[in-house]
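Here is the structure we will look at.
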Amino acid sequence: MPASSFPGDARARLRPAIWRIVTWLVLLLAAFGILQYSVHAWRVAAALDAARSSTDRASLTGMLAWDIVYLVAACITVTASAGVLFRRPWARPMLRVVAGILALWFLVTAIQMAAHWSSLSNQSAMLLSQSTLNDAAHAFLERVQRRYLVAMILKAIAVPVMAWLAWRLGTPAVRAQFPASIRKAD
């Protein structure tokens, strides 16, 4: 059946809401972050048990603390995203704040990465120009440089996407989709 034969309201319901798709992506990436930070924290804790010197222990304790901070942030993000997908009224403002913080975080880290790009590029070029390195070392350096560039570009793309999500969740059209209160089933 062609889309033009649907009344305006039905056509709007068939059109996917981009903010929901972005929310799903945020949920999935945060869930992956939970897995990633949990595994890393587990490994750091094991290394902390085996560490002998106080310098190593202090360094590993700092790494473990950051893993825990990132893990908590990822759990909050999953909670807010899931709440929005289930249209819980408390989750919409919570995800707006999370998306705003993520937009700011991505902006700051993308700027930091861009500031270090020329140094990384120059040092990689210097190392790659040495004839003493084997092919595996050349491939490794090129892969590191490529991954750094991809990460920087993805962060730069994520800034407007997260800012848009924070804005979109505050629009009247989206706010109207969240009930003022959830009634208990009789």
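Residue numbering restarts at 1 in every chain; chains get A, B, ... in the order shown in the structure tokens, and ligands count up from 1 in that same order.
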Taking 2 positions as the minimum chain separation for residues in the same chain, which residues sit within 12 Å of A:Arg88 when counting only C-alpha atoms? Answer as a ChimeraX atom specification. /A:79-86,90-95,175-183
Give me the residues near stretch 32-40 of chain A as a list in words, where near means some atom within 12 Å (using only C-alpha atoms) and where sequence neighbours in that chain fewer than 5 positions away do not count.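 Near stretch 32-40 of chain A, the qualifying residues are Leu25, Val26, Leu27, Ala45, Ala46, Ala47, Leu60, Met63, Leu64, Ala65, Trp66, Asp67, Ile68, Val69, Tyr70, Leu71, Val72, Ala73, Ala74, Cys75, Ile76, Thr77, Val78 and Thr79 of chain A.
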Could you write out that same residue set with N, CA and C atoms as a PDB file, in the first residue's frame?
ATOM      1  N   LEU A  25      21.253   3.117  19.999  1.00  0.00           N
ATOM      2  CA  LEU A  25      22.712   3.082  19.789  1.00  0.00           C
ATOM      3  C   LEU A  25      23.459   3.452  21.064  1.00  0.00           C
ATOM      4  N   VAL A  26      22.972   4.462  21.767  1.00  0.00           N
ATOM      5  CA  VAL A  26      23.599   4.852  23.034  1.00  0.00           C
ATOM      6  C   VAL A  26      23.519   3.698  24.030  1.00  0.00           C
ATOM      7  N   LEU A  27      22.358   3.061  24.099  1.00  0.00           N
ATOM      8  CA  LEU A  27      22.178   1.920  25.003  1.00  0.00           C
ATOM      9  C   LEU A  27      23.156   0.796  24.672  1.00  0.00           C
ATOM     10  N   ALA A  45      42.684  -5.314  38.722  1.00  0.00           N
ATOM     11  CA  ALA A  45      42.629  -5.801  40.108  1.00  0.00           C
ATOM     12  C   ALA A  45      43.558  -6.996  40.290  1.00  0.00           C
ATOM     13  N   ALA A  46      43.616  -7.886  39.298  1.00  0.00           N
ATOM     14  CA  ALA A  46      44.529  -9.036  39.380  1.00  0.00           C
ATOM     15  C   ALA A  46      45.986  -8.565  39.359  1.00  0.00           C
ATOM     16  N   ALA A  47      46.286  -7.577  38.526  1.00  0.00           N
ATOM     17  CA  ALA A  47      47.649  -7.041  38.475  1.00  0.00           C
ATOM     18  C   ALA A  47      47.988  -6.310  39.767  1.00  0.00           C
ATOM     19  N   LEU A  60      48.299   1.369  39.423  1.00  0.00           N
ATOM     20  CA  LEU A  60      47.193   0.437  39.177  1.00  0.00           C
ATOM     21  C   LEU A  60      45.933   0.834  39.938  1.00  0.00           C
ATOM     22  N   MET A  63      44.283   3.456  37.909  1.00  0.00           N
ATOM     23  CA  MET A  63      43.608   2.858  36.754  1.00  0.00           C
ATOM     24  C   MET A  63      42.296   2.199  37.170  1.00  0.00           C
ATOM     25  N   LEU A  64      42.321   1.504  38.302  1.00  0.00           N
ATOM     26  CA  LEU A  64      41.120   0.835  38.794  1.00  0.00           C
ATOM     27  C   LEU A  64      40.039   1.857  39.160  1.00  0.00           C
ATOM     28  N   ALA A  65      40.445   2.967  39.751  1.00  0.00           N
ATOM     29  CA  ALA A  65      39.479   4.015  40.101  1.00  0.00           C
ATOM     30  C   ALA A  65      38.809   4.570  38.845  1.00  0.00           C
ATOM     31  N   TRP A  66      39.589   4.825  37.781  1.00  0.00           N
ATOM     32  CA  TRP A  66      39.002   5.318  36.532  1.00  0.00           C
ATOM     33  C   TRP A  66      38.085   4.278  35.904  1.00  0.00           C
ATOM     34  N   ASP A  67      38.464   3.007  35.984  1.00  0.00           N
ATOM     35  CA  ASP A  67      37.588   1.956  35.462  1.00  0.00           C
ATOM     36  C   ASP A  67      36.244   1.965  36.179  1.00  0.00           C
ATOM     37  N   ILE A  68      36.277   2.153  37.485  1.00  0.00           N
ATOM     38  CA  ILE A  68      35.040   2.163  38.269  1.00  0.00           C
ATOM     39  C   ILE A  68      34.193   3.381  37.917  1.00  0.00           C
ATOM     40  N   VAL A  69      34.835   4.543  37.740  1.00  0.00           N
ATOM     41  CA  VAL A  69      34.094   5.753  37.356  1.00  0.00           C
ATOM     42  C   VAL A  69      33.422   5.543  36.002  1.00  0.00           C
ATOM     43  N   TYR A  70      34.173   5.023  35.030  1.00  0.00           N
ATOM     44  CA  TYR A  70      33.602   4.768  33.702  1.00  0.00           C
ATOM     45  C   TYR A  70      32.502   3.710  33.769  1.00  0.00           C
ATOM     46  N   LEU A  71      32.679   2.700  34.585  1.00  0.00           N
ATOM     47  CA  LEU A  71      31.678   1.650  34.737  1.00  0.00           C
ATOM     48  C   LEU A  71      30.374   2.214  35.303  1.00  0.00           C
ATOM     49  N   VAL A  72      30.469   3.054  36.315  1.00  0.00           N
ATOM     50  CA  VAL A  72      29.276   3.681  36.898  1.00  0.00           C
ATOM     51  C   VAL A  72      28.592   4.580  35.865  1.00  0.00           C
ATOM     52  N   ALA A  73      29.386   5.358  35.123  1.00  0.00           N
ATOM     53  CA  ALA A  73      28.808   6.231  34.090  1.00  0.00           C
ATOM     54  C   ALA A  73      28.102   5.409  33.007  1.00  0.00           C
ATOM     55  N   ALA A  74      28.691   4.294  32.614  1.00  0.00           N
ATOM     56  CA  ALA A  74      28.066   3.441  31.602  1.00  0.00           C
ATOM     57  C   ALA A  74      26.770   2.825  32.140  1.00  0.00           C
ATOM     58  N   CYS A  75      26.748   2.454  33.410  1.00  0.00           N
ATOM     59  CA  CYS A  75      25.522   1.904  34.011  1.00  0.00           C
ATOM     60  C   CYS A  75      24.418   2.959  34.073  1.00  0.00           C
ATOM     61  N   ILE A  76      24.772   4.190  34.404  1.00  0.00           N
ATOM     62  CA  ILE A  76      23.788   5.282  34.427  1.00  0.00           C
ATOM     63  C   ILE A  76      23.248   5.519  33.021  1.00  0.00           C
ATOM     64  N   THR A  77      24.125   5.464  32.021  1.00  0.00           N
ATOM     65  CA  THR A  77      23.711   5.670  30.641  1.00  0.00           C
ATOM     66  C   THR A  77      22.757   4.567  30.177  1.00  0.00           C
ATOM     67  N   VAL A  78      23.063   3.325  30.517  1.00  0.00           N
ATOM     68  CA  VAL A  78      22.175   2.214  30.157  1.00  0.00           C
ATOM     69  C   VAL A  78      20.821   2.380  30.842  1.00  0.00           C
ATOM     70  N   THR A  79      20.822   2.753  32.099  1.00  0.00           N
ATOM     71  CA  THR A  79      19.570   2.937  32.839  1.00  0.00           C
ATOM     72  C   THR A  79      18.716   4.038  32.209  1.00  0.00           C
TER      73      THR A  79
END
Which value, in Å to one decimal, gives the distance between atom CA of A:Val98 and atom CA of A:Pro172?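 Result for atom CA of A:Val98 versus atom CA of A:Pro172: 19.2 Å, one decimal.
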Given only C-alpha atoms as the basis, pick out the residue of A:Leu48, A:Leu107, A:Ala31, A:Ala41 nearest to A:Ala158. A:Leu107
I'd like the neighbourhood of A:Gly100 as a list of chain:residue names, where a residue qualifies if any of its atoms comes within 7 Å (using only C-alpha atoms), though same-chain residues fewer than 6 positions away should be ignored. A:Met162, A:Ala163, A:Ala166
For C-alpha atoms, I'd like the residues from the last selection saved as a tab-separated table (two decimals), in the first residue's frame.
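Saved result, result-v2.tsv, follows:
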chain	number	residue	atom	x	y	z
A	162	MET	CA	24.57	13.79	21.39
A	163	ALA	CA	23.76	17.50	21.46
A	166	ALA	CA	19.66	16.19	24.32
Write out as an mmCIF file with N, CA and C atoms, in the first residue's frame which residues come within 12 Å of A:Val159 when counting only C-alpha atoms, dropping same-chain ones fewer than 3 positions away.
data_model
loop_
_atom_site.group_PDB
_atom_site.id
_atom_site.type_symbol
_atom_site.label_atom_id
_atom_site.label_comp_id
_atom_site.auth_asym_id
_atom_site.auth_seq_id
_atom_site.Cartn_x
_atom_site.Cartn_y
_atom_site.Cartn_z
ATOM 1 N N ALA A 99 23.224 12.846 27.725
ATOM 2 C CA ALA A 99 23.610 13.170 26.346
ATOM 3 C C ALA A 99 24.388 14.487 26.295
ATOM 4 N N GLY A 100 23.990 15.450 27.094
ATOM 5 C CA GLY A 100 24.731 16.716 27.152
ATOM 6 C C GLY A 100 26.137 16.532 27.689
ATOM 7 N N ILE A 101 26.267 15.738 28.742
ATOM 8 C CA ILE A 101 27.597 15.455 29.301
ATOM 9 C C ILE A 101 28.443 14.686 28.290
ATOM 10 N N LEU A 102 27.836 13.720 27.606
ATOM 11 C CA LEU A 102 28.576 12.970 26.592
ATOM 12 C C LEU A 102 29.020 13.869 25.443
ATOM 13 N N ALA A 103 28.162 14.795 25.018
ATOM 14 C CA ALA A 103 28.540 15.722 23.945
ATOM 15 C C ALA A 103 29.742 16.554 24.376
ATOM 16 N N LEU A 104 29.718 17.050 25.600
ATOM 17 C CA LEU A 104 30.838 17.838 26.117
ATOM 18 C C LEU A 104 32.101 16.993 26.236
ATOM 19 N N TRP A 105 31.951 15.768 26.733
ATOM 20 C CA TRP A 105 33.086 14.850 26.878
ATOM 21 C C TRP A 105 33.715 14.524 25.524
ATOM 22 N N PHE A 106 32.882 14.218 24.549
ATOM 23 C CA PHE A 106 33.393 13.918 23.209
ATOM 24 C C PHE A 106 34.078 15.131 22.602
ATOM 25 N N LEU A 107 33.536 16.321 22.837
ATOM 26 C CA LEU A 107 34.150 17.538 22.307
ATOM 27 C C LEU A 107 35.538 17.755 22.906
ATOM 28 N N VAL A 108 35.631 17.661 24.211
ATOM 29 C CA VAL A 108 36.919 17.883 24.894
ATOM 30 C C VAL A 108 37.942 16.838 24.462
ATOM 31 N N THR A 109 37.551 15.576 24.428
ATOM 32 C CA THR A 109 38.513 14.530 24.066
ATOM 33 C C THR A 109 38.886 14.582 22.589
ATOM 34 N N ALA A 110 37.952 14.985 21.720
ATOM 35 C CA ALA A 110 38.288 15.135 20.298
ATOM 36 C C ALA A 110 39.279 16.279 20.106
ATOM 37 N N ILE A 111 39.097 17.370 20.841
ATOM 38 C CA ILE A 111 40.039 18.496 20.760
ATOM 39 C C ILE A 111 41.413 18.079 21.268
ATOM 40 N N MET A 152 39.209 9.771 16.632
ATOM 41 C CA MET A 152 39.050 11.218 16.660
ATOM 42 C C MET A 152 37.857 11.649 15.796
ATOM 43 N N ILE A 153 37.732 11.072 14.625
ATOM 44 C CA ILE A 153 36.617 11.411 13.727
ATOM 45 C C ILE A 153 35.280 10.978 14.331
ATOM 46 N N LEU A 154 35.229 9.783 14.916
ATOM 47 C CA LEU A 154 33.977 9.313 15.527
ATOM 48 C C LEU A 154 33.561 10.199 16.701
ATOM 49 N N LYS A 155 34.519 10.650 17.480
ATOM 50 C CA LYS A 155 34.193 11.562 18.587
ATOM 51 C C LYS A 155 33.657 12.878 18.046
ATOM 52 N N ALA A 156 34.266 13.375 16.976
ATOM 53 C CA ALA A 156 33.801 14.630 16.384
ATOM 54 C C ALA A 156 32.382 14.480 15.837
ATOM 55 N N MET A 162 24.988 13.768 19.985
ATOM 56 C CA MET A 162 24.575 13.788 21.393
ATOM 57 C C MET A 162 23.898 15.107 21.754
ATOM 58 N N ALA A 163 24.402 16.206 21.207
ATOM 59 C CA ALA A 163 23.755 17.502 21.456
ATOM 60 C C ALA A 163 22.345 17.505 20.861
ATOM 61 N N TRP A 164 22.193 16.945 19.669
ATOM 62 C CA TRP A 164 20.876 16.863 19.046
ATOM 63 C C TRP A 164 19.929 16.000 19.886
ATOM 64 N N LEU A 165 20.423 14.866 20.388
ATOM 65 C CA LEU A 165 19.578 13.989 21.207
ATOM 66 C C LEU A 165 19.118 14.720 22.467
ATOM 67 N N ALA A 166 20.037 15.431 23.114
ATOM 68 C CA ALA A 166 19.659 16.187 24.316
ATOM 69 C C ALA A 166 18.589 17.229 23.983
#
Ranking A:Met113, A:Ala51, A:Ile18, A:Val174 by minimum distance to A:Val150 and counting only C-alpha atoms, which one comes first?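 Looking at the shortest contact to A:Val150, the residue is A:Met113.
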So which bits of stretch 8-184 of chain A end up alpha helix (DSSP H) when you DSSP the backbone, as a VMD selection string? chain A and resid 8 to 14 18 to 50 54 to 85 91 to 129 135 to 168 172 to 175
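Distances here use only C-alpha atoms; by that measure, the residue among A:Tyr148, A:His138, A:Gly62, A:Val97 closest to A:Ser121 is A:Tyr148.
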When you draw a straight line from atom CA of A:Asp56 to atom CA of A:Val44, how long is it in Å?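 It comes out at 11.0 Å.
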